[in-house]
Each structure stands twice: as C-alpha cells, then as structure tokens.
Amino acid sequence: MIVGQALRDQQREVVVFRSRLMLSGFFIVLAFAVLLGRFTWLQVVQREYYHTLAEANRISVVPVVPNRGLILDRNGEVLAANYSAYTLEVTPSRVANLDRAIDELAAVIDVSPRDRRRFKKLQEESKNFESLPIRTRLTEEEVAKFAVNRYRFPGFEIKARLFRSYPQGEVASHAIGYIGRINDADVKRIEAAGLATNYKGTDHIGKLGIEGAYEKELHGVTGSEQVEIDAGGRAIRSLERSEPQSGNNLYITIDLELQKIAEQAFQDFKGALVAIDPRNGEVLALVSRPDFDPNLFVDGIDPQNWDALNNSPDKPLNNRALRGQYPPGSTIKPFMALAALEYKKRSPEFTISDPGYFSLAGVAHRYRDWKPGGHGLVNLHKSIVVSCDTYYYGLANELGIDAIHNFLTRFGFGSRTGIDIDGELAGLAPSQDWKWERFHQKWYAGDTVSVGIGQGYMLATPLQLAAAVATIANNGVLVHPHLLKSVQDARSQEVREWKPDGPVQTVAVKPEYLALVRDAMADVTKPGGTAAQAGAGAPYSIAAKTGTAQVVAMKQNEKYDEKRLRQEHWDHALLIAFAPADDPKLALAILVENGKHGGTTAGPIAREVFDYYLLGKKPANLKLDPGADNDDEHD
C-alpha cells in the first residue's frame with residue numbers, strides 16, 4: 001500500500017510538472033510572438049516614421065540669417081553697415097542658478113555692470129528658452145579663455161553674429177533710425193504679414209526711420225543649413241546649405257555733408273531743420289536737435305542709457321522735424337497773402353495805415369503789432385517784407401476762419417505730408433467745426449485774428465513748413481517729401497531709382513499771385529527786411545520769411561518782455577526760405593526752440609546751409625546770438 005501510493009504521488013507530480021512546463025512554454029512562445037510582432041511593426045510597418053525621427057535627432061536644420069542691407073547717403077557715404085563679432089550667449093532655462101553662473105563666468109571673462117543690466121532687461125523682454133547675449137564683441141583671447149572653461153558652463157555658448165553699426169554716430173539719427181531686438185509686438189506684425197519663416201534666427205528688426213520703414217528691403221531672405229549632430233548636441237559636419245539672400249542696399253536722399261553742417265549750425269540750441277529740393281521733393285537734410293546715438297540700441301540699450309534718453313528734458317528721442325507741432329508764427333503770412341489775392345480780399349495796391357495795433361469792433365482788447373508805433377503805410381508787398389502783424393490781423397478777420405482753413409489745406413497744412421518714414425504728425429489748420437468737435441465751443445472773431453499771424457490754435461511741423469514753402473518755390477506744384485532715393489538689388493547689383501506714385505498735383509493759385517509773393521519774400525533778405533542778416537553779402541538771392549512763435553501766453557494788453565522770462569519760456573524762432581530766389585534749388589524750414597527771433601537766430605543757420613549747398617563754402621566760426629535785437633530783424 002505504501003509503495004502504490006508513492007507511485008501515484010510520483011505520477012501526479014510528473015503530470016503537474018508537465019502541465020506547468022507546457023504552460024510556461026506557451027507563455028514563452030507567446031512572448032516571443034509578441035516581440036516578433038512588435039519588431040515587425042517597428043522595423044517594417046513603422047520603419048519610415050522612426051527613420052525620420054532618427055534623422056531628425058541626427059540632423060538639425062539651422063536658419064542662416066542674411067546680411068542686412070546697407071544704408072548710404074546720396075553720394076555713397078555709409079550711414080548704416082554690418083560687422084561680424086563673437087558673442088557669448090546663454091539660454092536661461094538650461095542654467096540652474098543663473099546669477100551664480102554669471103558670477104563664475106565673470107572670473108573667466110569680463111562681465112561689466114552694464115552687461116548685467118542689459119542682460120536683465122533682455123531677460124524681462126524675452127522668453128526663458130531663448131538664447132540671450134550676456135557679452136558681445138568678444139576678443140580672440142576671451143573666446144579662447146571661455147573655450148577652455150566651457151565644460152563648467154552648461155547653457156552658455158559662443159556664437160558669431162552680425163552686428164549693425166552706425167559709423168556717423170548721432171548724425172542724421174532721426175532719419176536713419178535704428179534696429180532693436182524683436183519684441184512681442186514685432187512678432188505679431190511679422191506673423192500677420194506671413195513672414196515668420198523668414199525671421200527664424202533673426203533677433204533684431206528696424207524700429208524707426210529708414211531702418212523701420214524699409215525693413216522688408218533691408219532684411220533679405222533667410223537661408224538654412226542641415227547640420228549633423230552627435231548625442232551631446234554638438235555639430236559634427238554640414239550636410240546641406242541653402243544660402244541666404246542679403247538685404248538690398250538703400251541710397252537715401254540725405255547729403256551727409258550738408259546734414260553735418262546743418263546740425264553743427266544749431267550749436268547748443270534745440271530745434272529742427274528740413275531742407276528739400278523743391279524740384280523733386282528729395283529731403284537733403286533732416287535735423288532734429290538734440291539727437292541720439294543709434295549704436296546704443298544695437299546690443300539692446302541698457303536701463304541707464306534708456307533712462308537718460310527717455311527722461312531727458314531735452315527729449316532727444318523726439319523727432320522734432322516730423323512730430324514737433326509749433327505755432328508757425330509769421331511764416332504763415334506768405335500763404336495768407338496768397339489767400340487774400342485768391343479770394344479777392346486784397347489787391348497788390350491795397351494799402352493800410354498801421355498804427356501798431358488792430359482792434360475788433362466792440363472789443364476793448366488791442367492786438368499789438370510787433371513794432372510799437374506801427375509800420376506806417378503798408379501794402380501787400382511791404383506786409384511780407386517787414387512782417388506787419390496789423391495787416392494780417394485785419395485780413396484774417398475779413399477772410400474768416402473757414403476760408404483760411406480751406407486755403408491753407410491746399411498747401412498741406414493740417415495733414416501729413418506722407419514722407420516715407422513713420423511718426424509724422426498732422427499739425428492743425430483749425431476751423432469752426434474743429435473747435436466745436438474738440439471743445440464744444442463756438443468760434444470767435446478773436447480766434448481768427450490770432451490765426452492770421454500763425455498763433456492761436458494754428459500748429460505746423462517743420463516738415464510741413466518745408467513742403468509748403470517748397471511748393472511756393474516750385475510755382476505751385478505740390479512737393480511730396482521723401483527720403484528714399486534708390487534701391488540696389490543684392491543679387492544683380494542693379495540700382496532702381498525711386499519714382500513718385502500718381503500724377504503731378506498743382507495748387508489752385510494763379511501764377512501771377514505766386515510771383516508777387518515770391519518777389520516780396522526775396523526782399524525779406526534785403527536791407528529793411530526781417531531776414532536782412534541772412535541775405536547780407538550773398539552772391540545769390542534768397543527768398544525767405546521769418547517768424548516768432550509764442551511759448552507762454554501773455555495776459556490781455558500785456559507786452560512780451562523776454563528779460564523777465566527764463567530761457568525755456570523765450571519765443572521760438574522760425575524761418576522758411578528758398579534759394580536762389582529766381583531758380584530755386586533748395587527750400588528749407590528752420591525752427592530754433594527759444595531762439596527768440598527768426599532773423600537773428602534761424603537766419604544765420606539758413607545762410608550756412610545755403611552757402612554750402614550752392615557755393616560749397618564751409619561755415620565760418622558763427623556764434624548764434626538770440627539776444628541780438630534789431631527792429632529791422634525782429635518779428
């Protein structure tokens with residue numbers, strides 16, 4: 001019995017063992033079948049997909065940023081160029097303790113407080129995964145030092161980049177503009193224009209002036225390079241390259257030497273000057289003083305320099321030529337004289353007796369002429385030559401504000417000239433409707449009287465004044481200011497000249513009326529005229545009109561006394577002019593902030609500009625003196 005039972009137990013164990021063995025074998029076979037199926041799926045069915053992923057890990061497509069086009073003046077002088085330099089960059093998301101890493105880096109290569117401030121500003125404006133420069137323009141020695149210590153600084157790398165350079169510094173900075181790092185607003189504009197692909201790898205974009213207005217021409221077309229990389233992400237070799245297309249070179253209308261002379265002529269004064277060729281609208285000089293150095297923005301301006309520029313009471317970032325809206329003062333009188341002739345309110349022979357003031361019927365207030373005692377008998381010609389306020393007070397009152405508004409808008413007052421850079425303001429040619437919409441107040445006769453001498457609500461930019469006087473110089477043909485002269489194609493090197501759009505437009509004013517006003521303006525620069533100092537001894541004729549714009553309002557019947565005012569409250573000095581008067585080649589508008597008198601402050605600036613442009617004469621050691629007070633040169 002014992003032996004039989006032992007045999008049955010042994011047989012049962014064998015059966016159980018065999019069952020377990022067969023079950024194990026089944027699972028092993030099943031596992032191998034699953035593996036085989038998986039291998040078949042991955043290596044046969046999904047082969048192309050994973051091959052593509054593997055290649056993507058092995059090959060990196062890197063954008064190749066194009067060279068930015070150059071900006072040159074009309075004579076080929078370089079105003080904006082490029083240079084290559086090494087930059088040390090860091091991706092903040094790849095560094096555990098960024099501040100400590102920068103401190104350790106400073107022991108290897110110099111990292112100045114300015115570098116740190118600029119980096120902090122860039123970090124605030126950028127996304128955490130973007131590569132940001134911590135040091136730019138590294139020397140070969142600094143590059144070698146970092147290369148030796150690179151293993152200590154994960155997330156840091158040396159890159160060769162192109163940098164923008166403005167070799168003329170502050171000269172013509174408001175016309176040229178500058179480039180800056182691409183911000184969120186720029187990204188939205190780029191994406192809206194469908195240019196996101198073309199800006200891959202690009203960190204900077206044009207912000208102002210020519211740099212901003214012609215960004216599309218200057219940027220070029222981004223290329224690409226396929227680079228084989230190892231497991232550590234280091235480049236091994238280049239596999240394929242699509243070359244970028246450089247941006248086009250731009251020739252602008254600015255004459256660099258004329259621009260320098262115009263800027264220097266302002267000396268320490270603030271203000272603006274616009275010089276235009278009246279025959280074609282080319283802007284030969286565009287001055288806004290003080291100006292700024294666009295090189296400060298190339299690497300990303302640091303907070304200290306930004307605060308100095310942005311908070312300066314002199315407002316160097318404000319383009320006064322395009323955005324400065326000032327009362328035009330007596331420079332409006334030639335246009336008022338044309339309106340008088342066109343609307344038959346005055347004839348050339350019509351004469352008034354000027355007692356030194358004008359009074360409205362039923363109003364006790366007297367509107368004073370700049371010359372106490374008046375100018376005696378004054379006709380239209382003399383009213384421009386001596387700048388008789390009384391003549392224009394009465395004329396404005398007879399014309400009425402709506403007629404004045406309608407006429408002045410023919411010459412572009414109250415609207416933008418359409419110059420080809422951004423930021424221009426429209427000024428103001430007021431009307432009854434404007435005042436009601438703006439203030440919900442009716443228009444009064446006293447408002448009209450003030451507009452008659454370019455005061456009150458009337459506002460104009462220096463650019464508008466330059467375009468308007470150029471239209472007079474051009475016998476009524478409207479002048480459209482522009483800065484682009486030609487474009488040089490980066491590939492073919494072919495130069496395409498800029499051509500205006502649309503037909504030539506002419507102001508509806510009789511030629512004989514324009515001739516009368518031009519003759520009077522020519523006598524303004526002769527003895528007895530308000531700009532006699534500007535025309536003294538000139539071997540060519542100058543047609544001009546001076547002006548003075550009030551900065552602080554005087555109380556009723558209170559006489560302006562500059563001796564009791566601080567300099568920042570002195571009147572602004574203005575002048576519009578063209579020369580030669582009989583064959584104009586240059587027209588300009590000048591505004592000198594707190595310069596007091598157009599004849600004694602703006603006039604000498606105009607003379608220096610004309611002498612250089614027409615005679616090639618370099619300026620003498622001129623000292624502007626706004627304190628000079630000659631009744632024949634006052635306005």
# chains A, B, ... in the order shown; residues from 1 in each chain; ligands from 1
>>> closest_atom_pairs(of="stretch 464-509 of chain A", to="stretch 68-72 of chain A", cutoff="10 Å", atoms="only C-alpha atoms", output="Markdown table")
| residue | atom | partner | partner_atom | distance |
| --- | --- | --- | --- | --- |
| A:Leu484 | CA | A:Ile71 | CA | 10.0 |
| A:Lys485 | CA | A:Leu72 | CA | 9.9 |
| A:Ser486 | CA | A:Leu72 | CA | 9.9 |
| A:Val487 | CA | A:Ile71 | CA | 9.7 |
| A:Gln488 | CA | A:Gly69 | CA | 9.2 |
| A:Asp489 | CA | A:Gly69 | CA | 9.5 |
| A:Ala490 | CA | A:Gly69 | CA | 7.9 |
>>> select_by_dssp(residues="stretch 366-498 of chain A", states="helix (DSSP H, G or I)", output="VMD selection string")
chain A and resid 380 to 385 389 to 399 401 to 411 432 to 439 445 to 451 462 to 473
>>> residues_around(residues="stretch 398-401 of chain A", least_positions_apart="5", cutoff="9 Å", atoms="only C-alpha atoms", output="CSV table (one decimal) with all heavy atoms, in the first residue's frame")
chain,number,residue,atom,x,y,z
A,339,ALA,N,-3.9,133.8,-50.1
A,339,ALA,CA,-5.3,133.7,-49.8
A,339,ALA,C,-6.0,135.0,-50.1
A,339,ALA,O,-7.1,135.0,-50.7
A,339,ALA,CB,-5.6,133.2,-48.4
A,340,ALA,N,-5.4,136.1,-49.7
A,340,ALA,CA,-6.0,137.4,-49.8
A,340,ALA,C,-6.2,137.7,-51.3
A,340,ALA,O,-7.2,138.3,-51.8
A,340,ALA,CB,-5.1,138.5,-49.2
A,343,TYR,N,-8.9,135.1,-52.9
A,343,TYR,CA,-10.3,135.4,-52.6
A,343,TYR,C,-10.7,136.8,-52.8
A,343,TYR,O,-11.8,137.3,-52.4
A,343,TYR,CB,-10.5,135.0,-51.1
A,343,TYR,CG,-10.4,133.5,-50.8
A,343,TYR,CD1,-9.7,133.0,-49.8
A,343,TYR,CD2,-11.2,132.6,-51.6
A,343,TYR,CE1,-9.6,131.7,-49.5
A,343,TYR,CE2,-11.1,131.3,-51.3
A,343,TYR,CZ,-10.4,130.8,-50.3
A,343,TYR,OH,-10.3,129.4,-50.0
A,345,LYS,N,-9.7,139.6,-51.5
A,345,LYS,CA,-9.8,140.4,-50.3
A,345,LYS,C,-8.8,141.6,-50.3
A,345,LYS,O,-9.0,142.5,-49.6
A,345,LYS,CB,-9.7,139.6,-49.0
A,345,LYS,CG,-10.8,138.6,-48.8
A,345,LYS,CD,-12.1,139.2,-48.6
A,345,LYS,CE,-13.2,138.2,-48.3
A,345,LYS,NZ,-14.6,138.9,-48.1
A,393,TYR,N,-3.9,140.9,-39.2
A,393,TYR,CA,-5.0,140.8,-38.2
A,393,TYR,C,-6.3,141.1,-39.0
A,393,TYR,O,-7.3,140.4,-38.9
A,393,TYR,CB,-4.8,141.8,-37.1
A,393,TYR,CG,-3.8,141.5,-36.1
A,393,TYR,CD1,-3.0,142.5,-35.5
A,393,TYR,CD2,-3.5,140.2,-35.6
A,393,TYR,CE1,-2.0,142.2,-34.6
A,393,TYR,CE2,-2.6,139.9,-34.7
A,393,TYR,CZ,-1.8,140.9,-34.2
A,393,TYR,OH,-0.9,140.6,-33.2
A,406,ASN,N,-9.7,126.4,-45.6
A,406,ASN,CA,-9.8,125.8,-46.9
A,406,ASN,C,-8.6,126.1,-47.8
A,406,ASN,O,-8.1,125.3,-48.5
A,406,ASN,CB,-11.1,126.3,-47.6
A,406,ASN,CG,-12.3,125.7,-46.9
A,406,ASN,OD1,-12.3,124.7,-46.2
A,406,ASN,ND2,-13.4,126.4,-47.1
A,430,PRO,N,-7.1,125.0,-38.1
A,430,PRO,CA,-8.3,125.0,-37.4
A,430,PRO,C,-9.5,125.5,-38.2
A,430,PRO,O,-9.3,126.2,-39.2
A,430,PRO,CB,-8.1,125.9,-36.1
A,430,PRO,CG,-7.0,126.8,-36.6
A,430,PRO,CD,-6.1,126.0,-37.5
A,431,SER,N,-10.7,125.2,-37.8
A,431,SER,CA,-11.9,125.6,-38.4
A,431,SER,C,-13.0,125.7,-37.4
A,431,SER,O,-12.8,125.3,-36.2
A,431,SER,CB,-12.4,124.7,-39.5
A,431,SER,OG,-12.7,123.4,-39.0
A,432,GLN,N,-14.1,126.3,-37.7
A,432,GLN,CA,-15.2,126.4,-36.8
A,432,GLN,C,-15.7,125.0,-36.3
A,432,GLN,O,-15.9,124.7,-35.1
A,432,GLN,CB,-16.4,127.1,-37.4
A,432,GLN,CG,-16.2,128.6,-37.6
A,432,GLN,CD,-17.4,129.3,-38.0
A,432,GLN,OE1,-18.3,129.5,-37.1
A,432,GLN,NE2,-17.5,129.8,-39.2
A,443,TRP,N,-16.7,129.4,-32.4
A,443,TRP,CA,-15.5,130.1,-32.8
A,443,TRP,C,-15.8,131.6,-32.7
A,443,TRP,O,-16.8,132.1,-33.1
A,443,TRP,CB,-15.2,129.7,-34.3
A,443,TRP,CG,-13.9,130.2,-34.8
A,443,TRP,CD1,-13.7,131.4,-35.4
A,443,TRP,CD2,-12.6,129.6,-34.7
A,443,TRP,NE1,-12.4,131.6,-35.6
A,443,TRP,CE2,-11.7,130.5,-35.2
A,443,TRP,CE3,-12.2,128.4,-34.2
A,443,TRP,CZ2,-10.3,130.2,-35.3
A,443,TRP,CZ3,-10.9,128.1,-34.3
A,443,TRP,CH2,-9.9,129.0,-34.8
A,445,ALA,N,-14.3,135.7,-33.3
A,445,ALA,CA,-13.5,136.5,-34.2
A,445,ALA,C,-12.1,136.7,-33.7
A,445,ALA,O,-11.1,136.7,-34.5
A,445,ALA,CB,-14.2,137.9,-34.4
A,447,ASP,N,-10.3,134.5,-32.2
A,447,ASP,CA,-9.6,133.3,-32.6
A,447,ASP,C,-9.0,133.4,-34.0
A,447,ASP,O,-7.9,133.0,-34.3
A,447,ASP,CB,-10.5,132.0,-32.5
A,447,ASP,CG,-11.0,131.8,-31.1
A,447,ASP,OD1,-10.3,132.1,-30.2
A,447,ASP,OD2,-12.1,131.2,-31.0
A,448,THR,N,-9.9,134.0,-34.9
A,448,THR,CA,-9.4,134.2,-36.3
A,448,THR,C,-8.3,135.1,-36.4
A,448,THR,O,-7.3,134.9,-37.2
A,448,THR,CB,-10.6,134.7,-37.2
A,448,THR,OG1,-11.7,133.8,-37.0
A,448,THR,CG2,-10.2,134.7,-38.6
A,449,VAL,N,-8.3,136.2,-35.7
A,449,VAL,CA,-7.3,137.2,-35.7
A,449,VAL,C,-5.9,136.6,-35.3
A,449,VAL,O,-4.9,136.9,-36.0
A,449,VAL,CB,-7.7,138.4,-34.8
A,449,VAL,CG1,-6.5,139.4,-34.6
A,449,VAL,CG2,-8.9,139.2,-35.3
A,451,VAL,N,-5.0,133.5,-35.6
A,451,VAL,CA,-4.6,132.6,-36.7
A,451,VAL,C,-4.0,133.3,-37.8
A,451,VAL,O,-3.0,132.8,-38.5
A,451,VAL,CB,-5.8,131.7,-37.1
A,451,VAL,CG1,-5.4,130.9,-38.4
A,451,VAL,CG2,-6.2,130.7,-36.0
A,452,GLY,N,-4.4,134.6,-38.0
A,452,GLY,CA,-3.9,135.4,-39.1
A,452,GLY,C,-2.4,135.6,-39.1
A,452,GLY,O,-1.7,135.8,-40.1
>>> closest_residue(among="A:Pro584, A:Gly247, A:Gly529, A:Pro511", to="A:Gly599", atoms="only C-alpha atoms")
A:Gly529
>>> closest_residue(among="A:Ala532, A:Val363, A:Leu21, A:Val479", to="A:Gly412", atoms="only C-alpha atoms")
A:Val479
>>> closest_atom_pairs(of="stretch 419-443 of chain A", to="stretch 169-180 of chain A", cutoff="12 Å", atoms="only C-alpha atoms", output="CSV")
residue,atom,partner,partner_atom,distance
A:Ile419,CA,A:Ala175,CA,10.9
A:Asp420,CA,A:Ala175,CA,10.1
A:Ile421,CA,A:Ala175,CA,7.9
A:Asp422,CA,A:Ala175,CA,10.0
A:Gly423,CA,A:His174,CA,10.5
A:Glu424,CA,A:His174,CA,11.8
>>> write_last_selection(atoms="C-alpha atoms", output="tab-separated table (two decimals), in the first residue's frame")
chain	number	residue	atom	x	y	z
A	419	ILE	CA	7.01	111.30	-46.02
A	420	ASP	CA	8.23	107.71	-46.24
A	421	ILE	CA	9.19	107.20	-42.59
A	422	ASP	CA	6.81	106.67	-39.68
A	423	GLY	CA	5.86	109.01	-36.87
A	424	GLU	CA	4.76	112.16	-38.71
>>> residues_around(residues="A:Leu514", least_positions_apart="4", cutoff="12 Å", atoms="only C-alpha atoms", output="PyMOL selection string")
chain A and resi 334-342+348+381+469+471-477+507-510+518-521
>>> closest_residue(among="A:Pro580, A:Gly281, A:Gly194, A:Gly209", to="A:Pro500", atoms="only C-alpha atoms")
A:Gly281
>>> atom_distance(atom1="atom CA of A:Val108", atom2="atom CA of A:Leu88")
12.2 Å
>>> atom_distance(atom1="atom CA of A:Glu568", atom2="atom CA of A:Gly595")
9.6 Å
>>> select_by_dssp(residues="stretch 280-507 of chain A", states="strand (DSSP E)", output="JSON, numbers by chain")
{"A": [283, 284, 285, 286, 287, 288, 289, 352, 353, 354, 357, 358, 359, 366, 367, 368, 376, 377, 378, 484, 485, 486, 487, 488, 495, 496, 497]}
>>> residues_around(residues="stretch 305-308 of chain A", least_positions_apart="4", cutoff="9 Å", atoms="only C-alpha atoms", output="PyMOL selection string")
chain A and resi 296+301+312
>>> write_last_selection(atoms="N, CA, C and O atoms", output="PDB file, in the first residue's frame")
ATOM      1  N   LEU A 296      23.665 102.843 -29.519  1.00  0.00           N
ATOM      2  CA  LEU A 296      23.281 102.425 -28.174  1.00  0.00           C
ATOM      3  C   LEU A 296      22.225 101.326 -28.191  1.00  0.00           C
ATOM      4  O   LEU A 296      22.101 100.563 -27.242  1.00  0.00           O
ATOM      5  N   ILE A 301      19.669  98.421 -25.579  1.00  0.00           N
ATOM      6  CA  ILE A 301      20.100  99.535 -24.745  1.00  0.00           C
ATOM      7  C   ILE A 301      19.921  99.193 -23.267  1.00  0.00           C
ATOM      8  O   ILE A 301      18.922  98.585 -22.864  1.00  0.00           O
ATOM      9  N   SER A 312      15.190 112.670 -20.410  1.00  0.00           N
ATOM     10  CA  SER A 312      15.884 113.946 -20.590  1.00  0.00           C
ATOM     11  C   SER A 312      14.877 115.053 -20.887  1.00  0.00           C
ATOM     12  O   SER A 312      13.978 114.883 -21.719  1.00  0.00           O
TER      13      SER A 312
END
>>> residues_around(residues="A:Ala361", least_positions_apart="3", cutoff="12 Å", atoms="only C-alpha atoms", output="list of chain:residue names")
A:Phe358, A:Ala364, A:His365, A:Arg366, A:Gly394, A:Asn397, A:Ala445, A:Gly446
>>> write_last_selection(atoms="all heavy atoms", output="short mmCIF file (atom, residue, chain, number, x, y, z; two decimals), in the first residue's frame")
data_model
loop_
_atom_site.label_atom_id
_atom_site.label_comp_id
_atom_site.auth_asym_id
_atom_site.auth_seq_id
_atom_site.Cartn_x
_atom_site.Cartn_y
_atom_site.Cartn_z
N PHE A 358 -4.33 146.42 -33.85
CA PHE A 358 -5.60 146.20 -34.55
C PHE A 358 -6.67 145.98 -33.48
O PHE A 358 -6.43 145.30 -32.47
CB PHE A 358 -5.50 144.97 -35.46
CG PHE A 358 -6.81 144.56 -36.07
CD1 PHE A 358 -7.31 145.22 -37.18
CD2 PHE A 358 -7.54 143.50 -35.53
CE1 PHE A 358 -8.53 144.85 -37.75
CE2 PHE A 358 -8.76 143.12 -36.08
CZ PHE A 358 -9.26 143.79 -37.20
N ALA A 364 -12.57 145.82 -26.53
CA ALA A 364 -11.58 146.76 -25.98
C ALA A 364 -10.15 146.28 -26.21
O ALA A 364 -9.23 147.09 -26.30
CB ALA A 364 -11.84 146.93 -24.48
N HIS A 365 -9.96 144.97 -26.31
CA HIS A 365 -8.60 144.41 -26.45
C HIS A 365 -7.96 144.84 -27.75
O HIS A 365 -8.58 144.83 -28.81
CB HIS A 365 -8.67 142.88 -26.39
CG HIS A 365 -7.36 142.21 -26.66
ND1 HIS A 365 -6.28 142.34 -25.82
CD2 HIS A 365 -6.95 141.42 -27.69
CE1 HIS A 365 -5.26 141.64 -26.32
NE2 HIS A 365 -5.65 141.08 -27.45
N ARG A 366 -6.68 145.24 -27.67
CA ARG A 366 -5.91 145.59 -28.85
C ARG A 366 -4.95 144.45 -29.20
O ARG A 366 -4.25 143.95 -28.33
CB ARG A 366 -5.12 146.88 -28.62
CG ARG A 366 -5.96 148.13 -28.60
CD ARG A 366 -5.08 149.37 -28.42
NE ARG A 366 -5.85 150.60 -28.57
CZ ARG A 366 -5.31 151.82 -28.49
NH1 ARG A 366 -4.00 151.96 -28.26
NH2 ARG A 366 -6.08 152.88 -28.66
N GLY A 394 -6.24 142.27 -39.68
CA GLY A 394 -7.42 142.72 -40.41
C GLY A 394 -7.78 141.78 -41.55
O GLY A 394 -8.97 141.51 -41.79
N ASN A 397 -9.50 138.64 -40.25
CA ASN A 397 -10.86 138.93 -39.82
C ASN A 397 -11.81 139.01 -41.02
O ASN A 397 -12.95 138.55 -40.95
CB ASN A 397 -10.89 140.25 -39.04
CG ASN A 397 -12.24 140.53 -38.42
OD1 ASN A 397 -12.84 139.67 -37.77
ND2 ASN A 397 -12.74 141.73 -38.64
N ALA A 445 -14.31 135.72 -33.32
CA ALA A 445 -13.51 136.53 -34.24
C ALA A 445 -12.08 136.69 -33.73
O ALA A 445 -11.13 136.72 -34.52
CB ALA A 445 -14.17 137.89 -34.42
N GLY A 446 -11.92 136.76 -32.42
CA GLY A 446 -10.57 136.88 -31.85
C GLY A 446 -9.71 135.67 -32.15
O GLY A 446 -8.48 135.78 -32.31
#
>>> atom_distance(atom1="atom CA of A:Tyr357", atom2="atom CA of A:Asp369")
5.2 Å
>>> residues_around(residues="A:Phe119", least_positions_apart="4", cutoff="7 Å", atoms="only C-alpha atoms", output="PyMOL selection string")
chain A and resi 115+123+133-134
